[in-house]
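Peer 1: First, the structure itself, so that you have it in front of you.
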Amino acid sequence: MGVKCILLYDAKKILDDREVFLLKKLKVVLIRDLKTLEKKNLERYKMLIIIEGNNLISDGQMLIEEFEKLHIPLIRVNTVPKEDIFELIFNIINVQIDFNELTHVNNEKLIEALLYIENNLQNSNLNLKSVANHLFLNTAYFSRFFRESMGIGFKDYLIKLRIAKAKDMLENGQLVTDVCMSIGYTNLSYFSQIFKKEVGLSPSIYRKYYQLMTKEEKNVQKIL
């Protein structure tokens, strides 16, 4: 029958692409419309989490009632600050895991690892060994465990996470040197090399491109 998944309905599209990526790796199924679950076997799922923002959900009310009839846990998140949503979802998953003991431990360790990486992204000393030590795990074991759980090696995952944050900061006009230091790189030349390899453009050109895009959008708005 397989492991039951957790459903997440992000009604207000609060979660960004990086957060959605992490949740998918934790077997959380993100749905954009509750109606997509109609005529589905709801007993296949272990929980439904709804992020409502400041408004109540009106669509899919009958489906919500169906979950309640089946006694499937239903958690409705409302009036929670955006910056706390991601951690809250992690905490909910952490509490609700009910697989066998080994899987339970592994999921807890994975969540702890991902949160630790996210919170220490600016630390230039962040590496496989430092995260393994934080989790009190053997480095070689953690390396295998991370790859098996995430489908990507630790080093590649860390690079993608840092570059995703760098892109977001550059798009908001922050200086390349500030971005470099903020995501844990101490060598500007190395950061530029990694960024260009991942994105196809150097950080400075990427920043200029988005500045021009923003300027053009403002000009269009003035015309309209």
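Ordering of the structure tokens sets the chain letters (A, B, ...); residue numbers start at 1 within each chain; ligands are numbered from 1 in the order shown.
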Extract, using only C-alpha atoms, all DNA, RNA and protein residues at most 8 Å from region 139-144 of chain A, discarding same-chain residues fewer than 2 positions from it, and format them as a ChimeraX atom specification.
Peer 2: /A:128-129,132-133,137,146-148,153-154
Peer 1: Could those residues be written to a file, using C-alpha atoms, as a PDB file, in the first residue's frame?
Peer 2:
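Below is the file result.pdb, written as the result:
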```
ATOM      1  CA  LEU A 128      28.909  17.895   5.491  1.00  0.00           C
ATOM      2  CA  LYS A 129      30.982  17.252   8.603  1.00  0.00           C
ATOM      3  CA  ALA A 132      26.773  15.541  10.738  1.00  0.00           C
ATOM      4  CA  ASN A 133      28.395  16.658  14.008  1.00  0.00           C
ATOM      5  CA  LEU A 137      25.945  11.213  13.231  1.00  0.00           C
ATOM      6  CA  PHE A 146      21.252  12.576   2.910  1.00  0.00           C
ATOM      7  CA  ARG A 147      21.675  11.445  -0.701  1.00  0.00           C
ATOM      8  CA  GLU A 148      19.166   8.611  -0.304  1.00  0.00           C
ATOM      9  CA  GLY A 153      24.406  14.881  -2.691  1.00  0.00           C
ATOM     10  CA  PHE A 154      25.010  17.264   0.202  1.00  0.00           C
TER      11      PHE A 154
END
```
Peer 1: Given only C-alpha atoms, how would the per-residue table for region 128-192 of chain A near region 6-19 of chain A read, listing every residue at most 9 Å away with its closest atom pair and distance in Å to one decimal, sorted by chain and number, as JSON lines?
Peer 2:
```
{"residue": "A:Leu161", "atom": "CA", "partner": "A:Arg18", "partner_atom": "CA", "distance": 7.5}
{"residue": "A:Ala164", "atom": "CA", "partner": "A:Arg18", "partner_atom": "CA", "distance": 7.5}
{"residue": "A:Lys165", "atom": "CA", "partner": "A:Arg18", "partner_atom": "CA", "distance": 8.8}
```
Peer 1: Select from region 107-151 of chain A every residue with an atom at most 12 Å from any atom of region 76-89 of chain A, then for each give the shortest pair of atoms and their distance in Å to one decimal, using only C-alpha atoms, rows by chain and rising number, as a tab-separated table.
Peer 2:
```
residue	atom	partner	partner_atom	distance
A:Ile111	CA	A:Glu87	CA	9.9
A:Glu112	CA	A:Glu87	CA	10.7
A:Leu114	CA	A:Glu87	CA	10.6
A:Leu115	CA	A:Glu87	CA	8.1
A:Tyr116	CA	A:Glu87	CA	11.4
A:Glu118	CA	A:Glu87	CA	10.6
A:Asn119	CA	A:Glu87	CA	11.0
```
Peer 1: Taking the backbone alone, and naming residues the way the document does, which bits of region 20-208 of chain A are helix (DSSP H, G or I) by DSSP, as an NGL selection string?
Peer 2: :A and (20-25 or 34-37 or 42-44 or 61-69 or 82-96 or 101-119 or 128-134 or 139-150 or 154-171 or 176-182 or 188-199 or 203-208)
Peer 1: Using DSSP on the backbone coordinates, identify the residues of chain A assigned to strand (DSSP E); present them as a PDB file with N, CA and C atoms, in the first residue's frame.
Peer 2:
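What landed in selection14.pdb:
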```
ATOM      1  N   CYS A   5       0.871   9.876   2.319  1.00  0.00           N
ATOM      2  CA  CYS A   5       1.464  11.200   2.159  1.00  0.00           C
ATOM      3  C   CYS A   5       0.673  12.256   2.928  1.00  0.00           C
ATOM      4  N   ILE A   6       1.332  13.367   3.193  1.00  0.00           N
ATOM      5  CA  ILE A   6       0.685  14.531   3.794  1.00  0.00           C
ATOM      6  C   ILE A   6       0.298  15.475   2.671  1.00  0.00           C
ATOM      7  N   LEU A   7      -0.935  15.948   2.685  1.00  0.00           N
ATOM      8  CA  LEU A   7      -1.404  16.907   1.694  1.00  0.00           C
ATOM      9  C   LEU A   7      -1.253  18.319   2.236  1.00  0.00           C
ATOM     10  N   LEU A   8      -0.801  19.225   1.396  1.00  0.00           N
ATOM     11  CA  LEU A   8      -0.667  20.626   1.789  1.00  0.00           C
ATOM     12  C   LEU A   8      -1.352  21.501   0.750  1.00  0.00           C
ATOM     13  N   TYR A   9      -2.335  22.262   1.204  1.00  0.00           N
ATOM     14  CA  TYR A   9      -3.049  23.187   0.316  1.00  0.00           C
ATOM     15  C   TYR A   9      -2.627  24.608   0.679  1.00  0.00           C
ATOM     16  N   ASP A  10      -1.770  25.180  -0.152  1.00  0.00           N
ATOM     17  CA  ASP A  10      -1.266  26.541   0.073  1.00  0.00           C
ATOM     18  C   ASP A  10      -2.171  27.507  -0.684  1.00  0.00           C
ATOM     19  N   VAL A  28       5.605  15.567   1.051  1.00  0.00           N
ATOM     20  CA  VAL A  28       4.424  16.418   1.219  1.00  0.00           C
ATOM     21  C   VAL A  28       3.898  16.743  -0.170  1.00  0.00           C
ATOM     22  N   VAL A  29       2.634  16.407  -0.422  1.00  0.00           N
ATOM     23  CA  VAL A  29       2.026  16.639  -1.730  1.00  0.00           C
ATOM     24  C   VAL A  29       1.360  18.004  -1.723  1.00  0.00           C
ATOM     25  N   LEU A  30       1.871  18.925  -2.527  1.00  0.00           N
ATOM     26  CA  LEU A  30       1.322  20.277  -2.597  1.00  0.00           C
ATOM     27  C   LEU A  30       0.204  20.309  -3.628  1.00  0.00           C
ATOM     28  N   ILE A  31      -0.962  20.818  -3.233  1.00  0.00           N
ATOM     29  CA  ILE A  31      -2.082  20.936  -4.166  1.00  0.00           C
ATOM     30  C   ILE A  31      -2.512  22.395  -4.240  1.00  0.00           C
ATOM     31  N   TYR A  45      -4.243   9.239   2.275  1.00  0.00           N
ATOM     32  CA  TYR A  45      -3.476  10.352   2.852  1.00  0.00           C
ATOM     33  C   TYR A  45      -3.559  10.324   4.374  1.00  0.00           C
ATOM     34  N   LYS A  46      -2.512  10.814   5.010  1.00  0.00           N
ATOM     35  CA  LYS A  46      -2.454  10.750   6.472  1.00  0.00           C
ATOM     36  C   LYS A  46      -2.834  12.060   7.141  1.00  0.00           C
ATOM     37  N   MET A  47      -2.841  13.164   6.382  1.00  0.00           N
ATOM     38  CA  MET A  47      -3.149  14.458   6.982  1.00  0.00           C
ATOM     39  C   MET A  47      -3.391  15.488   5.885  1.00  0.00           C
ATOM     40  N   LEU A  48      -4.206  16.490   6.192  1.00  0.00           N
ATOM     41  CA  LEU A  48      -4.400  17.620   5.283  1.00  0.00           C
ATOM     42  C   LEU A  48      -4.068  18.899   6.047  1.00  0.00           C
ATOM     43  N   ILE A  49      -3.119  19.669   5.509  1.00  0.00           N
ATOM     44  CA  ILE A  49      -2.750  20.960   6.095  1.00  0.00           C
ATOM     45  C   ILE A  49      -3.207  22.050   5.126  1.00  0.00           C
ATOM     46  N   ILE A  50      -3.933  23.029   5.630  1.00  0.00           N
ATOM     47  CA  ILE A  50      -4.411  24.125   4.794  1.00  0.00           C
ATOM     48  C   ILE A  50      -3.828  25.444   5.292  1.00  0.00           C
ATOM     49  N   ILE A  51      -3.096  26.130   4.416  1.00  0.00           N
ATOM     50  CA  ILE A  51      -2.593  27.464   4.749  1.00  0.00           C
ATOM     51  C   ILE A  51      -3.611  28.464   4.207  1.00  0.00           C
ATOM     52  N   GLU A  52      -4.291  29.149   5.109  1.00  0.00           N
ATOM     53  CA  GLU A  52      -5.402  29.997   4.702  1.00  0.00           C
ATOM     54  C   GLU A  52      -5.068  31.481   4.602  1.00  0.00           C
ATOM     55  N   GLY A  53      -3.938  31.915   5.131  1.00  0.00           N
ATOM     56  CA  GLY A  53      -3.696  33.350   5.182  1.00  0.00           C
ATOM     57  C   GLY A  53      -4.649  33.985   6.174  1.00  0.00           C
ATOM     58  N   LEU A  74      -6.872  17.180  10.194  1.00  0.00           N
ATOM     59  CA  LEU A  74      -7.004  18.361   9.339  1.00  0.00           C
ATOM     60  C   LEU A  74      -6.528  19.572  10.135  1.00  0.00           C
ATOM     61  N   ILE A  75      -5.488  20.224   9.643  1.00  0.00           N
ATOM     62  CA  ILE A  75      -4.922  21.376  10.335  1.00  0.00           C
ATOM     63  C   ILE A  75      -5.067  22.605   9.450  1.00  0.00           C
ATOM     64  N   ARG A  76      -5.760  23.625   9.970  1.00  0.00           N
ATOM     65  CA  ARG A  76      -5.981  24.848   9.204  1.00  0.00           C
ATOM     66  C   ARG A  76      -5.118  25.958   9.809  1.00  0.00           C
ATOM     67  N   VAL A  77      -4.159  26.429   9.025  1.00  0.00           N
ATOM     68  CA  VAL A  77      -3.214  27.446   9.490  1.00  0.00           C
ATOM     69  C   VAL A  77      -3.728  28.824   9.092  1.00  0.00           C
ATOM     70  N   ASN A  78      -3.966  29.658  10.090  1.00  0.00           N
ATOM     71  CA  ASN A  78      -4.511  30.987   9.829  1.00  0.00           C
ATOM     72  C   ASN A  78      -3.836  32.000  10.767  1.00  0.00           C
TER      73      ASN A  78
END
```
Peer 1: Have a look at A:Lys167, A:Arg44, A:Lys196, A:Arg162 and name the one nearest to Asn123 (chain A); count only C-alpha atoms.
Peer 2: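 The closest residue to Asn123 (chain A) is A:Arg162.
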Peer 1: Between A:Thr186, A:Gln61, A:Asn138, A:Leu158, which has the minimum distance to Asn120 (chain A) (counting only C-alpha atoms)?
Peer 2: A:Leu158
Peer 1: List as a PyMOL selection string the protein and nucleic acid residues near region 23-27 of chain A, meaning an atom at most 6 Å away when only C-alpha atoms are counted, but skip any in the same chain fewer than 2 places from it.
Peer 2: chain A and resi 5+20-21+150
Peer 1: Filtering to N, CA, C and O atoms, could you give me those residues as a tab-separated table (two decimals), in the first residue's frame?
Peer 2:
```tsv
chain	number	residue	atom	x	y	z
A	5	CYS	N	0.87	9.88	2.32
A	5	CYS	CA	1.46	11.20	2.16
A	5	CYS	C	0.67	12.26	2.93
A	5	CYS	O	-0.49	12.07	3.26
A	20	VAL	N	8.94	24.86	-1.29
A	20	VAL	CA	8.14	23.82	-1.95
A	20	VAL	C	9.02	22.63	-2.30
A	20	VAL	O	8.63	21.47	-2.13
A	21	PHE	N	10.23	22.90	-2.79
A	21	PHE	CA	11.18	21.84	-3.15
A	21	PHE	C	11.50	20.98	-1.93
A	21	PHE	O	11.49	19.74	-2.01
A	150	MET	N	17.23	12.76	-0.08
A	150	MET	CA	16.98	13.95	-0.89
A	150	MET	C	17.14	13.73	-2.39
A	150	MET	O	16.70	14.55	-3.20
```
Peer 1: For CA of Met169 (chain A) and CA of His134 (chain A), determine how far apart the two atoms are, in Å to one decimal place.
Peer 2: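 That distance, rounded to one decimal, is 27.8 Å.
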Peer 1: Ranking A:Ile72, A:Leu63, A:Val199, A:Ile163 by minimum distance to Ser182 (chain A) and counting only C-alpha atoms, which one comes first?
Peer 2: A:Ile163
Peer 1: Pick the closest to Glu68 (chain A) from A:Leu42, A:Phe195, A:Leu121, A:Tyr190: which is it, counting only C-alpha atoms?
Peer 2: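 Of the candidates, the smallest distance to Glu68 (chain A) is held by A:Leu42.
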Peer 1: Do a neighbour search on Tyr206 (chain A) at 10 Å with only C-alpha atoms, toss out local chain neighbours closer than 2 positions, and write the hits as number ranges by chain.
Peer 2: A: 167, 170-171, 176, 195-196, 199-204, 208-211
Peer 1: Deliver the residues from the most recent selection as a file, using N, CA, C and O atoms, as a PDB file, in the first residue's frame.
Peer 2:
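Result went into out11.pdb, see below:
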```pdb
ATOM      1  N   LYS A 167      20.246  34.439  -6.105  1.00  0.00           N
ATOM      2  CA  LYS A 167      19.402  34.972  -7.181  1.00  0.00           C
ATOM      3  C   LYS A 167      18.327  35.891  -6.626  1.00  0.00           C
ATOM      4  O   LYS A 167      18.064  36.969  -7.166  1.00  0.00           O
ATOM      5  N   LEU A 170      19.992  39.182  -5.527  1.00  0.00           N
ATOM      6  CA  LEU A 170      20.424  39.979  -6.682  1.00  0.00           C
ATOM      7  C   LEU A 170      19.225  40.601  -7.391  1.00  0.00           C
ATOM      8  O   LEU A 170      19.284  41.742  -7.861  1.00  0.00           O
ATOM      9  N   GLU A 171      18.138  39.842  -7.476  1.00  0.00           N
ATOM     10  CA  GLU A 171      16.913  40.369  -8.103  1.00  0.00           C
ATOM     11  C   GLU A 171      16.341  41.543  -7.325  1.00  0.00           C
ATOM     12  O   GLU A 171      15.642  42.389  -7.877  1.00  0.00           O
ATOM     13  N   VAL A 176      26.694  42.504  -5.318  1.00  0.00           N
ATOM     14  CA  VAL A 176      27.257  41.167  -5.493  1.00  0.00           C
ATOM     15  C   VAL A 176      28.142  40.781  -4.309  1.00  0.00           C
ATOM     16  O   VAL A 176      28.079  39.651  -3.820  1.00  0.00           O
ATOM     17  N   PHE A 195      28.251  30.580  -9.475  1.00  0.00           N
ATOM     18  CA  PHE A 195      26.987  31.181  -9.902  1.00  0.00           C
ATOM     19  C   PHE A 195      26.814  31.052 -11.417  1.00  0.00           C
ATOM     20  O   PHE A 195      25.750  30.654 -11.903  1.00  0.00           O
ATOM     21  N   LYS A 196      27.868  31.388 -12.172  1.00  0.00           N
ATOM     22  CA  LYS A 196      27.781  31.315 -13.629  1.00  0.00           C
ATOM     23  C   LYS A 196      27.568  29.887 -14.108  1.00  0.00           C
ATOM     24  O   LYS A 196      26.835  29.641 -15.071  1.00  0.00           O
ATOM     25  N   VAL A 199      23.777  29.178 -13.208  1.00  0.00           N
ATOM     26  CA  VAL A 199      22.754  30.058 -13.789  1.00  0.00           C
ATOM     27  C   VAL A 199      22.995  30.365 -15.261  1.00  0.00           C
ATOM     28  O   VAL A 199      22.053  30.588 -16.023  1.00  0.00           O
ATOM     29  N   GLY A 200      24.276  30.375 -15.655  1.00  0.00           N
ATOM     30  CA  GLY A 200      24.586  30.706 -17.044  1.00  0.00           C
ATOM     31  C   GLY A 200      25.005  32.148 -17.236  1.00  0.00           C
ATOM     32  O   GLY A 200      25.404  32.545 -18.334  1.00  0.00           O
ATOM     33  N   LEU A 201      24.903  32.951 -16.186  1.00  0.00           N
ATOM     34  CA  LEU A 201      25.300  34.357 -16.212  1.00  0.00           C
ATOM     35  C   LEU A 201      26.132  34.654 -14.976  1.00  0.00           C
ATOM     36  O   LEU A 201      25.974  34.007 -13.945  1.00  0.00           O
ATOM     37  N   SER A 202      26.998  35.654 -15.059  1.00  0.00           N
ATOM     38  CA  SER A 202      27.741  36.060 -13.878  1.00  0.00           C
ATOM     39  C   SER A 202      26.783  36.794 -12.941  1.00  0.00           C
ATOM     40  O   SER A 202      25.747  37.319 -13.377  1.00  0.00           O
ATOM     41  N   PRO A 203      27.094  36.864 -11.641  1.00  0.00           N
ATOM     42  CA  PRO A 203      26.202  37.560 -10.695  1.00  0.00           C
ATOM     43  C   PRO A 203      25.954  39.016 -11.062  1.00  0.00           C
ATOM     44  O   PRO A 203      24.824  39.503 -10.943  1.00  0.00           O
ATOM     45  N   SER A 204      27.004  39.715 -11.527  1.00  0.00           N
ATOM     46  CA  SER A 204      26.843  41.138 -11.870  1.00  0.00           C
ATOM     47  C   SER A 204      25.925  41.325 -13.068  1.00  0.00           C
ATOM     48  O   SER A 204      25.077  42.228 -13.074  1.00  0.00           O
ATOM     49  N   LYS A 208      22.243  43.189 -13.164  1.00  0.00           N
ATOM     50  CA  LYS A 208      21.937  44.257 -14.120  1.00  0.00           C
ATOM     51  C   LYS A 208      20.706  43.911 -14.958  1.00  0.00           C
ATOM     52  O   LYS A 208      19.879  44.770 -15.255  1.00  0.00           O
ATOM     53  N   TYR A 209      20.605  42.646 -15.326  1.00  0.00           N
ATOM     54  CA  TYR A 209      19.463  42.193 -16.132  1.00  0.00           C
ATOM     55  C   TYR A 209      18.153  42.458 -15.398  1.00  0.00           C
ATOM     56  O   TYR A 209      17.202  42.990 -15.971  1.00  0.00           O
ATOM     57  N   TYR A 210      18.111  42.122 -14.112  1.00  0.00           N
ATOM     58  CA  TYR A 210      16.880  42.316 -13.353  1.00  0.00           C
ATOM     59  C   TYR A 210      16.626  43.783 -13.037  1.00  0.00           C
ATOM     60  O   TYR A 210      15.478  44.208 -12.920  1.00  0.00           O
ATOM     61  N   GLN A 211      17.689  44.572 -12.939  1.00  0.00           N
ATOM     62  CA  GLN A 211      17.504  46.005 -12.751  1.00  0.00           C
ATOM     63  C   GLN A 211      16.861  46.624 -13.984  1.00  0.00           C
ATOM     64  O   GLN A 211      15.965  47.471 -13.877  1.00  0.00           O
TER      65      GLN A 211
END
```
